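Here the structure comes first, spelled out in structure tokens, and everything after it is commentary.
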Amino acid sequence: MTNPSFIFKVRLELNDIPEDFLSDEVIGHFLTKADKFISSIIKDDADPEIVQLAVISLAAYYCYDAYTEIVARKMGTIPEYNQQRAEELKKQAYSYITMVVSEPIDEDLKLLNPNIAPVSFGMAGILP
């Protein structure tokens, strides 16, 4: 299982989502996904503290995106607040990610170079 302190840090970013709406397993899944993405394009001299913030912020965005999909299915639409909050989380993740990666990404958190494929190992080193 993913380190509980990182799950807690993601929960802090998502303090507007009730805990019973987002399990530790789901947060752990998105932490792993975020770690793998950032690990695949990280700069050699990236500041480890900023890398950690980038991974946590990206995982929080992924979690919130999943949460809003559930809200949309139940309500038939995504409330404006949820759309705005998702955008804020995406911008936060983007700002941290751009500080630590060697490959450019766009504001939708996609690689700009289509010839670079994220690899499936964790060099970012924040996850055990």
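Please note that chains go A, B, ... in the order of the structure tokens, that every chain numbers its residues from 1, and that ligands are numbered from 1 in the order shown.
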
inquiry  = Among chain A, which ones does DSSP assign to helix (DSSP H, G or I) (computed from the backbone)? Answer as a PyMOL selection string.
reply    = chain A and resi 4-13+19-21+24-41+48-75+80-100

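Residues in contact range of Ala34 of chain A, defined as at most 10 Å between only C-alpha atoms, with sequence neighbours fewer than 3 positions away removed, read Gly28, His29, Phe30, Leu31, Phe37, Ile38, Ser39, Ala54, Val55, Ile56, Ser57, Leu58, Ala59, Ala60, Tyr61, Tyr62, Gly122 and Ala124 of chain A.
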
Kindly export the residues of the current selection with N, CA and C atoms, as a PDB file, in the first residue's frame.
ATOM      1  N   GLY A  28      -4.306   5.977  -3.271  1.00  0.00           N
ATOM      2  CA  GLY A  28      -3.060   5.261  -3.516  1.00  0.00           C
ATOM      3  C   GLY A  28      -2.852   4.963  -4.991  1.00  0.00           C
ATOM      4  N   HIS A  29      -3.926   4.563  -5.666  1.00  0.00           N
ATOM      5  CA  HIS A  29      -3.851   4.299  -7.108  1.00  0.00           C
ATOM      6  C   HIS A  29      -3.408   5.553  -7.863  1.00  0.00           C
ATOM      7  N   PHE A  30      -4.025   6.682  -7.549  1.00  0.00           N
ATOM      8  CA  PHE A  30      -3.698   7.912  -8.266  1.00  0.00           C
ATOM      9  C   PHE A  30      -2.328   8.471  -7.861  1.00  0.00           C
ATOM     10  N   LEU A  31      -1.890   8.214  -6.635  1.00  0.00           N
ATOM     11  CA  LEU A  31      -0.519   8.577  -6.254  1.00  0.00           C
ATOM     12  C   LEU A  31       0.492   7.797  -7.095  1.00  0.00           C
ATOM     13  N   PHE A  37       4.066   8.956 -13.903  1.00  0.00           N
ATOM     14  CA  PHE A  37       4.102   9.970 -14.961  1.00  0.00           C
ATOM     15  C   PHE A  37       5.271  10.929 -14.740  1.00  0.00           C
ATOM     16  N   ILE A  38       5.365  11.474 -13.548  1.00  0.00           N
ATOM     17  CA  ILE A  38       6.425  12.452 -13.268  1.00  0.00           C
ATOM     18  C   ILE A  38       7.803  11.784 -13.308  1.00  0.00           C
ATOM     19  N   SER A  39       7.889  10.570 -12.805  1.00  0.00           N
ATOM     20  CA  SER A  39       9.165   9.850 -12.828  1.00  0.00           C
ATOM     21  C   SER A  39       9.709   9.676 -14.238  1.00  0.00           C
ATOM     22  N   ALA A  54       4.750  18.019  -6.591  1.00  0.00           N
ATOM     23  CA  ALA A  54       4.203  17.768  -7.926  1.00  0.00           C
ATOM     24  C   ALA A  54       3.400  16.473  -7.941  1.00  0.00           C
ATOM     25  N   VAL A  55       3.944  15.423  -7.357  1.00  0.00           N
ATOM     26  CA  VAL A  55       3.252  14.131  -7.333  1.00  0.00           C
ATOM     27  C   VAL A  55       1.960  14.231  -6.527  1.00  0.00           C
ATOM     28  N   ILE A  56       2.019  14.851  -5.374  1.00  0.00           N
ATOM     29  CA  ILE A  56       0.823  14.984  -4.526  1.00  0.00           C
ATOM     30  C   ILE A  56      -0.227  15.841  -5.223  1.00  0.00           C
ATOM     31  N   SER A  57       0.189  16.926  -5.846  1.00  0.00           N
ATOM     32  CA  SER A  57      -0.764  17.798  -6.540  1.00  0.00           C
ATOM     33  C   SER A  57      -1.399  17.101  -7.739  1.00  0.00           C
ATOM     34  N   LEU A  58      -0.594  16.358  -8.492  1.00  0.00           N
ATOM     35  CA  LEU A  58      -1.149  15.641  -9.642  1.00  0.00           C
ATOM     36  C   LEU A  58      -2.098  14.543  -9.181  1.00  0.00           C
ATOM     37  N   ALA A  59      -1.734  13.830  -8.134  1.00  0.00           N
ATOM     38  CA  ALA A  59      -2.626  12.800  -7.591  1.00  0.00           C
ATOM     39  C   ALA A  59      -3.935  13.419  -7.098  1.00  0.00           C
ATOM     40  N   ALA A  60      -3.854  14.571  -6.459  1.00  0.00           N
ATOM     41  CA  ALA A  60      -5.068  15.257  -5.993  1.00  0.00           C
ATOM     42  C   ALA A  60      -5.956  15.628  -7.171  1.00  0.00           C
ATOM     43  N   TYR A  61      -5.344  16.114  -8.240  1.00  0.00           N
ATOM     44  CA  TYR A  61      -6.125  16.448  -9.441  1.00  0.00           C
ATOM     45  C   TYR A  61      -6.787  15.192 -10.014  1.00  0.00           C
ATOM     46  N   TYR A  62      -6.035  14.105 -10.139  1.00  0.00           N
ATOM     47  CA  TYR A  62      -6.605  12.852 -10.653  1.00  0.00           C
ATOM     48  C   TYR A  62      -7.775  12.394  -9.781  1.00  0.00           C
ATOM     49  N   GLY A 122       9.228   4.087 -11.067  1.00  0.00           N
ATOM     50  CA  GLY A 122       9.144   5.266 -10.205  1.00  0.00           C
ATOM     51  C   GLY A 122      10.486   5.826  -9.803  1.00  0.00           C
ATOM     52  N   ALA A 124      10.918   9.054  -9.299  1.00  0.00           N
ATOM     53  CA  ALA A 124      10.694  10.232  -8.468  1.00  0.00           C
ATOM     54  C   ALA A 124      11.030   9.892  -7.021  1.00  0.00           C
TER      55      ALA A 124
END

task = For Leu22 of chain A, work out the shell of residues within 8 Å, counting only C-alpha atoms and skipping chain neighbours fewer than 4 positions away, then give it as a VMD selection string.
result = chain A and resid 17 to 18 26 to 27 63 67

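Of the listed residues (A:Glu87, A:Glu80, A:Lys74, A:Gln52), A:Gln52 comes nearest to Val100 of chain A; the distances count only C-alpha atoms.
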
inquiry  = Using only C-alpha atoms, which protein or nucleic acid residues come within 9 Å of Pro4 of chain A? Drop anything in the same chain fewer than 3 positions from it, and give the result as a PyMOL selection string.
reply    = chain A and resi 1+7-9+24+28

request  = Please measure the separation of atom CA of Arg73 of chain A and atom CA of Leu89 of chain A, giving the value in Å to one decimal.
outcome  = 20.9 Å

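Take the candidates A:Val10, A:Val51, A:Ala93, A:Ala72 and check each one against Ile105 of chain A using only C-alpha atoms; the shortest distance goes to A:Ala93.
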
task = Do a neighbour search on Glu69 of chain A at 12 Å with only C-alpha atoms, toss out local chain neighbours closer than 4 positions, and write the hits as an MDAnalysis selection string.
result = chainID A and resid 62:65 73:79 82:83 86

inquiry  = One number please: atom CA of Ser102 of chain A to atom CA of Leu12 of chain A, in Å, one decimal.
reply    = 28.0 Å

DSSP strand (DSSP E or B) residues within segment 39-115 of chain A, as a VMD selection string = chain A and resid 42 101 105 111
